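The next block is my_file_11.cif, given as mmCIF, C-alpha atoms.
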data_model
#
loop_
_atom_site.label_atom_id
_atom_site.label_comp_id
_atom_site.auth_asym_id
_atom_site.auth_seq_id
_atom_site.Cartn_x
_atom_site.Cartn_y
_atom_site.Cartn_z
CA MET K 1 -70.39 -188.46 -18.25
CA ASN K 2 -69.16 -191.46 -16.29
CA LEU K 3 -71.85 -194.09 -15.88
CA SER K 4 -72.41 -195.35 -12.33
CA GLN K 5 -70.44 -192.44 -10.87
CA THR K 6 -71.21 -188.80 -10.07
CA PRO K 7 -68.72 -186.54 -11.90
CA MET K 8 -65.91 -185.54 -9.57
CA THR K 9 -65.17 -182.00 -8.48
CA ILE K 10 -61.82 -180.36 -9.25
CA PRO K 11 -60.45 -180.94 -5.69
CA GLU K 12 -61.55 -184.58 -5.88
CA LEU K 13 -59.84 -185.01 -9.24
CA LYS K 14 -56.62 -183.58 -7.82
CA GLN K 15 -56.70 -186.13 -5.02
CA VAL K 16 -57.28 -188.99 -7.47
CA ALA K 17 -54.41 -187.74 -9.64
CA ALA K 18 -52.16 -187.88 -6.57
CA THR K 19 -53.29 -191.47 -5.91
CA VAL K 20 -52.61 -192.36 -9.54
CA ARG K 21 -49.11 -190.90 -9.23
CA CYS K 22 -48.48 -192.95 -6.08
CA ASP K 23 -49.70 -196.08 -7.86
CA ILE K 24 -47.30 -195.35 -10.74
CA ILE K 25 -44.31 -195.08 -8.42
CA GLU K 26 -45.24 -198.17 -6.44
CA MET K 27 -45.86 -200.44 -9.42
CA ILE K 28 -42.70 -199.40 -11.29
CA THR K 29 -40.61 -199.79 -8.13
CA THR K 30 -42.06 -203.24 -7.50
CA ALA K 31 -41.44 -204.29 -11.10
CA ASN K 32 -37.99 -202.67 -11.09
CA ALA K 33 -38.80 -201.57 -14.63
CA GLY K 34 -41.05 -199.11 -16.42
CA HIS K 35 -41.41 -195.52 -17.53
CA PRO K 36 -42.16 -193.10 -14.69
CA GLY K 37 -41.43 -189.77 -16.42
CA GLY K 38 -44.07 -189.84 -19.13
CA SER K 39 -46.56 -191.64 -16.92
CA LEU K 40 -46.38 -188.88 -14.32
CA SER K 41 -46.64 -186.09 -16.91
CA ALA K 42 -49.92 -187.53 -18.25
CA ALA K 43 -51.50 -188.30 -14.86
CA ASP K 44 -53.70 -185.20 -14.59
CA ILE K 45 -55.07 -185.57 -18.12
CA VAL K 46 -55.80 -189.28 -17.78
CA THR K 47 -57.43 -188.73 -14.39
CA ALA K 48 -59.72 -186.02 -15.78
CA LEU K 49 -60.76 -188.27 -18.66
CA TYR K 50 -61.54 -191.35 -16.58
CA PHE K 51 -63.13 -189.67 -13.58
CA ARG K 52 -64.97 -186.71 -15.12
CA ILE K 53 -65.14 -186.65 -18.91
CA MET K 54 -65.46 -190.03 -20.59
CA ARG K 55 -68.70 -191.94 -20.99
CA ILE K 56 -67.65 -195.37 -19.74
CA ASP K 57 -68.87 -198.30 -17.67
CA PRO K 58 -66.17 -200.27 -15.79
CA LYS K 59 -68.67 -203.11 -15.32
CA ASP K 60 -68.99 -203.43 -19.10
CA PRO K 61 -65.60 -202.56 -20.68
CA GLY K 62 -66.81 -203.59 -24.13
CA TRP K 63 -69.99 -201.49 -24.07
CA PRO K 64 -70.50 -200.52 -27.76
CA ASP K 65 -71.48 -196.91 -26.99
CA ARG K 66 -68.58 -196.16 -24.65
CA ASP K 67 -66.03 -193.46 -25.33
CA ARG K 68 -62.74 -194.87 -26.58
CA PHE K 69 -59.34 -194.02 -25.08
CA ILE K 70 -55.97 -194.73 -26.66
CA LEU K 71 -52.59 -194.17 -25.04
CA SER K 72 -50.51 -194.03 -28.20
CA LYS K 73 -47.31 -193.66 -26.17
CA GLY K 74 -47.92 -197.12 -24.78
CA HIS K 75 -44.71 -197.31 -22.76
CA ALA K 76 -46.41 -194.89 -20.31
CA CYS K 77 -49.04 -197.54 -19.56
CA PRO K 78 -48.54 -197.38 -15.76
CA VAL K 79 -50.69 -194.22 -15.77
CA TRP K 80 -53.37 -196.05 -17.74
CA TYR K 81 -53.27 -199.12 -15.49
CA ALA K 82 -53.45 -196.96 -12.36
CA ALA K 83 -56.49 -195.07 -13.66
CA LEU K 84 -58.26 -198.26 -14.75
CA ALA K 85 -57.66 -199.89 -11.36
CA GLU K 86 -58.82 -196.81 -9.43
CA ARG K 87 -61.89 -196.61 -11.67
CA GLY K 88 -62.83 -200.24 -10.96
CA TYR K 89 -61.97 -202.11 -14.15
CA PHE K 90 -59.93 -204.64 -12.17
CA ASP K 91 -58.70 -205.15 -8.62
CA LYS K 92 -55.82 -202.95 -7.51
CA SER K 93 -53.84 -205.99 -6.41
CA HIS K 94 -52.93 -206.47 -10.08
CA LEU K 95 -50.82 -203.31 -9.99
CA GLY K 96 -48.18 -205.23 -8.09
CA THR K 97 -47.78 -207.63 -11.03
CA LEU K 98 -46.66 -205.07 -13.62
CA ARG K 99 -44.43 -206.67 -16.28
CA ARG K 100 -44.54 -210.11 -14.71
CA MET K 101 -45.00 -213.21 -16.85
CA ASN K 102 -48.72 -213.95 -17.38
CA SER K 103 -49.78 -210.70 -15.69
CA ILE K 104 -52.72 -208.79 -17.17
CA LEU K 105 -50.46 -205.71 -16.99
CA GLN K 106 -47.69 -206.04 -19.53
CA GLY K 107 -44.93 -203.52 -20.28
CA HIS K 108 -47.06 -202.21 -23.14
CA PRO K 109 -50.87 -202.32 -23.00
CA ASP K 110 -52.49 -205.43 -24.47
CA MET K 111 -56.21 -205.31 -25.23
CA ARG K 112 -56.37 -209.12 -25.11
CA LYS K 113 -55.24 -209.17 -21.47
CA THR K 114 -56.39 -206.00 -19.73
CA PRO K 115 -60.03 -204.94 -19.17
CA GLY K 116 -60.60 -201.42 -20.47
CA ILE K 117 -57.74 -201.32 -22.98
CA ASP K 118 -59.09 -200.30 -26.39
CA MET K 119 -55.86 -200.64 -28.38
CA THR K 120 -52.72 -202.72 -28.00
CA ALA K 121 -49.79 -200.26 -28.16
CA GLY K 122 -46.18 -200.98 -28.97
CA SER K 123 -44.37 -199.13 -31.73
CA LEU K 124 -44.96 -195.40 -31.53
CA GLY K 125 -46.99 -193.47 -34.06
CA HIS K 126 -49.97 -195.79 -34.51
CA GLY K 127 -52.46 -194.63 -31.90
CA LEU K 128 -53.85 -191.68 -33.81
CA SER K 129 -54.49 -193.83 -36.87
CA ALA K 130 -56.39 -196.35 -34.75
CA GLY K 131 -58.34 -193.52 -33.11
CA LEU K 132 -59.13 -192.14 -36.56
CA GLY K 133 -60.58 -195.50 -37.56
CA MET K 134 -62.69 -195.70 -34.40
CA ALA K 135 -63.99 -192.16 -34.90
CA LEU K 136 -64.80 -192.72 -38.57
CA SER K 137 -66.59 -195.96 -37.68
CA GLY K 138 -68.66 -194.04 -35.13
CA LYS K 139 -69.65 -191.47 -37.74
CA LEU K 140 -70.60 -194.09 -40.31
CA ARG K 141 -72.70 -196.02 -37.77
CA LYS K 142 -74.23 -192.80 -36.37
CA LYS K 143 -72.84 -193.42 -32.87
CA ASP K 144 -72.28 -190.53 -30.49
CA TYR K 145 -69.21 -191.81 -28.66
CA HIS K 146 -66.00 -189.75 -28.56
CA VAL K 147 -62.46 -190.98 -29.18
CA TRP K 148 -59.60 -189.60 -27.07
CA VAL K 149 -55.94 -190.21 -28.04
CA VAL K 150 -52.93 -189.22 -25.93
CA VAL K 151 -49.77 -188.81 -28.01
CA GLY K 152 -46.23 -188.12 -26.84
CA ASP K 153 -44.55 -185.00 -28.19
CA GLY K 154 -41.53 -187.02 -29.35
CA GLU K 155 -44.00 -189.34 -31.02
CA THR K 156 -45.10 -186.52 -33.34
CA GLN K 157 -41.76 -187.03 -35.10
CA GLU K 158 -43.41 -190.09 -36.67
CA GLY K 159 -44.79 -189.58 -40.18
CA SER K 160 -47.82 -191.76 -39.52
CA ILE K 161 -49.09 -189.16 -37.04
CA TRP K 162 -49.36 -186.62 -39.84
CA GLU K 163 -51.02 -189.04 -42.25
CA ALA K 164 -53.73 -189.61 -39.63
CA ALA K 165 -53.95 -185.86 -39.00
CA MET K 166 -54.63 -185.23 -42.70
CA ALA K 167 -57.30 -187.92 -42.88
CA ALA K 168 -59.08 -186.84 -39.70
CA ALA K 169 -59.42 -183.30 -41.01
CA LYS K 170 -60.61 -184.53 -44.41
CA TRP K 171 -63.44 -186.49 -42.79
CA LYS K 172 -64.21 -183.67 -40.31
CA LEU K 173 -64.01 -186.07 -37.38
CA ASP K 174 -65.22 -183.80 -34.59
CA ASN K 175 -65.70 -186.93 -32.46
CA LEU K 176 -61.91 -187.27 -32.25
CA THR K 177 -59.64 -185.41 -29.83
CA ALA K 178 -55.88 -185.83 -29.75
CA ILE K 179 -53.91 -184.65 -26.73
CA VAL K 180 -50.17 -184.08 -27.11
CA ASP K 181 -48.30 -184.59 -23.83
CA ARG K 182 -45.79 -181.80 -24.48
CA ASN K 183 -43.22 -182.58 -21.79
CA ARG K 184 -40.27 -181.80 -24.13
CA LEU K 185 -38.23 -184.90 -23.31
CA GLN K 186 -38.03 -188.29 -24.99
CA ASN K 187 -36.02 -191.47 -24.53
CA ASP K 188 -32.50 -190.11 -24.90
CA ALA K 189 -32.63 -186.33 -24.89
CA CYS K 190 -34.71 -183.20 -25.34
CA VAL K 191 -37.17 -183.44 -28.22
CA VAL K 192 -35.68 -180.34 -29.82
CA ASP K 193 -32.24 -181.98 -29.92
CA VAL K 194 -33.45 -185.28 -31.39
CA MET K 195 -35.76 -183.81 -34.05
CA PRO K 196 -37.33 -180.35 -33.64
CA ILE K 197 -41.13 -180.32 -33.96
CA GLU K 198 -41.98 -176.63 -33.59
CA PRO K 199 -44.07 -174.74 -34.55
CA LEU K 200 -46.24 -177.61 -33.35
CA ALA K 201 -49.53 -175.78 -32.80
CA ASP K 202 -49.30 -174.07 -36.18
CA LYS K 203 -48.63 -177.38 -37.90
CA TRP K 204 -51.80 -178.93 -36.50
CA ARG K 205 -53.78 -175.85 -37.48
CA ALA K 206 -52.36 -176.09 -41.00
CA PHE K 207 -53.56 -179.69 -41.13
CA GLY K 208 -57.11 -178.53 -40.41
CA TRP K 209 -57.45 -179.18 -36.69
CA ARG K 210 -58.91 -176.93 -34.01
CA VAL K 211 -55.96 -176.34 -31.65
CA VAL K 212 -56.08 -175.38 -27.98
CA GLU K 213 -52.99 -174.93 -25.79
CA ILE K 214 -53.28 -175.57 -22.05
CA ASP K 215 -51.33 -176.15 -18.86
CA GLY K 216 -51.48 -179.94 -18.68
CA HIS K 217 -51.36 -179.86 -14.87
CA ASP K 218 -54.09 -177.28 -14.24
CA MET K 219 -57.04 -179.54 -13.50
CA GLU K 220 -59.68 -176.85 -13.92
CA GLN K 221 -58.25 -175.87 -17.30
CA ILE K 222 -57.96 -179.51 -18.36
CA VAL K 223 -61.59 -180.30 -17.54
CA GLU K 224 -62.93 -177.16 -19.24
CA THR K 225 -60.92 -177.85 -22.41
CA LEU K 226 -61.92 -181.52 -22.59
CA GLU K 227 -65.59 -180.67 -22.13
CA ARG K 228 -65.43 -178.14 -24.96
CA ALA K 229 -63.63 -180.62 -27.20
CA ARG K 230 -66.51 -183.06 -26.85
CA THR K 231 -69.05 -180.49 -28.07
CA HIS K 232 -66.99 -178.82 -30.81
CA LYS K 233 -68.35 -179.44 -34.30
CA GLY K 234 -66.84 -179.47 -37.77
CA ALA K 235 -63.23 -180.50 -37.14
CA PRO K 236 -61.11 -182.69 -34.86
CA THR K 237 -59.55 -181.06 -31.80
CA LEU K 238 -55.87 -181.06 -30.86
CA ILE K 239 -55.08 -180.19 -27.24
CA LEU K 240 -51.46 -179.18 -26.84
CA ALA K 241 -50.91 -179.87 -23.14
CA HIS K 242 -47.75 -178.30 -21.78
CA THR K 243 -46.53 -180.68 -19.07
CA VAL K 244 -43.50 -181.53 -16.96
CA LYS K 245 -41.89 -184.92 -17.36
CA GLY K 246 -41.84 -186.63 -13.96
CA LYS K 247 -44.42 -184.17 -12.58
CA GLY K 248 -44.97 -184.49 -8.84
CA VAL K 249 -41.56 -185.91 -7.98
CA SER K 250 -39.02 -183.09 -7.78
CA TYR K 251 -35.91 -185.18 -8.46
CA MET K 252 -37.55 -186.66 -11.58
CA GLU K 253 -38.94 -183.45 -13.05
CA ASN K 254 -37.35 -182.48 -16.38
CA VAL K 255 -34.64 -185.13 -15.99
CA VAL K 256 -34.37 -187.25 -19.13
CA GLU K 257 -32.88 -190.25 -17.30
CA TRP K 258 -36.26 -190.87 -15.64
CA HIS K 259 -37.90 -191.62 -18.97
CA GLY K 260 -37.44 -195.35 -18.46
CA LYS K 261 -35.74 -195.88 -15.11
CA ALA K 262 -37.25 -197.46 -12.00
CA PRO K 263 -36.61 -195.82 -8.62
CA CYS K 264 -35.00 -197.82 -5.87
CA LYS K 265 -36.86 -198.37 -2.61
CA GLU K 266 -35.43 -195.27 -0.93
CA GLU K 267 -36.10 -193.08 -3.97
CA ALA K 268 -39.65 -194.40 -4.15
CA GLU K 269 -40.28 -193.60 -0.50
CA CYS K 270 -39.13 -190.01 -1.06
CA ALA K 271 -41.33 -189.74 -4.14
CA LEU K 272 -44.42 -191.06 -2.36
CA GLU K 273 -43.88 -188.74 0.60
CA GLU K 274 -43.59 -185.74 -1.71
CA ILE K 275 -46.69 -186.62 -3.75
CA ARG K 276 -48.80 -187.16 -0.63
CA ARG K 277 -47.56 -183.98 1.01
CA CYS K 278 -48.36 -181.89 -2.06
CA ALA K 279 -51.82 -183.50 -2.28
CA CYS K 280 -52.57 -182.49 1.30
CA GLU K 281 -51.47 -178.93 0.61
CA SER K 282 -53.52 -178.50 -2.57
#

Please render this file's structure as structure tokens.
Amino acid sequence: MNLSQTPMTIPELKQVAATVRCDIIEMITTANAGHPGGSLSAADIVTALYFRIMRIDPKDPGWPDRDRFILSKGHACPVWYAALAERGYFDKSHLGTLRRMNSILQGHPDMRKTPGIDMTAGSLGHGLSAGLGMALSGKLRKKDYHVWVVVGDGETQEGSIWEAAMAAAKWKLDNLTAIVDRNRLQNDACVVDVMPIEPLADKWRAFGWRVVEIDGHDMEQIVETLERARTHKGAPTLILAHTVKGKGVSYMENVVEWHGKAPCKEEAECALEEIRRCACES
């Protein structure tokens, strides 16, 4: 439940996701730096969380009973900033200051600078451990908030992810949901070529998690799965979201070079036109 806002319908969520994608392209183009590929692949999931699923209050970002959200793959922060701005945590004019000196929107999220950021992210592999701590704290203090952590699939090559996975299952943290953005590409190459991670779903099951596989761009499926994750009892939930890196921009989709490359003005205009056209057709 989102405080101060009626939960959005599926068509409304799709339109917001398109706006978030446009914001991502515009801010990265203006900054001439950033990570469009993984930001675009996570846009539908982040939109569903902020505009339908999470119990939050943009007017009180530090509300003790709020749901917590962590973007463990912090380099994809443009998707987080876009969602926060659209949700009302800060004015959208800040999006044009991405990565500038003294901006509230740094190249990796900083909880000391940006309203709504629950964890400062930098080195990969730490977000799930932080989410584990937040979830365990909630259990010990008998709070009913939920912790949501988005992890990159390449990030699951980090050993610290699996240490957190073991601990979360041990403590039966059913107030913790991890979402793997399974777009199959990382910084330099395909995940399978850098360090194979399959059978990924079976590994999480072996670690004691409830595992659900979904199409990470099917908004109806996303919402239904997130809602069930909140109510599941007895174990943490892992949502393996199959996504497309660069989703929504055809020339970026499944192209590894767009992991951390800013589009030029002409490329951005083509991207924005395509996103808006697809939004009108959906």

Open item on the list: I'd like the residues picked by the PyMOL selection byres ((chain K and resi 86) around 10) written out as a list of chain:residue names, using the chain letters and numbers from the file.
Closed with: K:Val16, K:Thr19, K:Val20, K:Asp23, K:Thr47, K:Tyr50, K:Phe51, K:Trp80, K:Tyr81, K:Ala82, K:Ala83, K:Leu84, K:Ala85, K:Arg87, K:Gly88, K:Tyr89, K:Phe90, K:Asp91, K:Lys92

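When CA of Lys14 in chain K is paired with CA of Ile53 in chain K, their separation reads 14.3 Å.
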
Open item on the list: With the PyMOL selection byres ((chain K and resi 263) around 12) as the selection, what would be picked from this file? Answer as an MDAnalysis selection string, please.
Closed with: chainID K and resid 24:37 246 249 251:252 257:262 264:272

Open item on the list: Since I can't run it myself right now, could you work out what the PyMOL selection byres ((chain K and resi 121) around 12) selects here and report it as JSON, numbers by chain?
Closed with: {"K": [69, 70, 71, 72, 73, 74, 75, 76, 77, 80, 106, 107, 108, 109, 110, 111, 112, 117, 118, 119, 120, 122, 123, 124, 125, 126, 127, 128, 129, 130, 131, 149, 150, 151]}

TODO: Compare K:Asp67, K:Asp218, K:Glu281, K:Glu274 by their minimum atom-to-atom distance to Ile10 in chain K, counting all atoms listed in the file, and give me the closest one.
DONE: K:Asp218

TODO: For the point (-46.4, -178.9, -35.9) in the file's frame, write as an NGL selection string all residues with an atom no more than 12 Å away, counting all atoms listed in the file.
DONE: :K and (153-159 or 161-162 or 165 or 180 or 182 or 195-209 or 211 or 238 or 240)

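The residue set within 7 Å of Val223 in chain K, counting all atoms listed in the file and dropping same-chain residues fewer than 4 places from it, reads K:Ala48, K:Met219, K:Glu227.
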
As lines of an AutoDock Vina configuration file: centre and edge lengths in Å, one decimal, of the axis-aligned box holding range 112-130 of chain K with 8 Å per side:
center_x = -52.5
center_y = -200.4
center_z = -28.0
size_x = 32.2
size_y = 33.5
size_z = 33.7
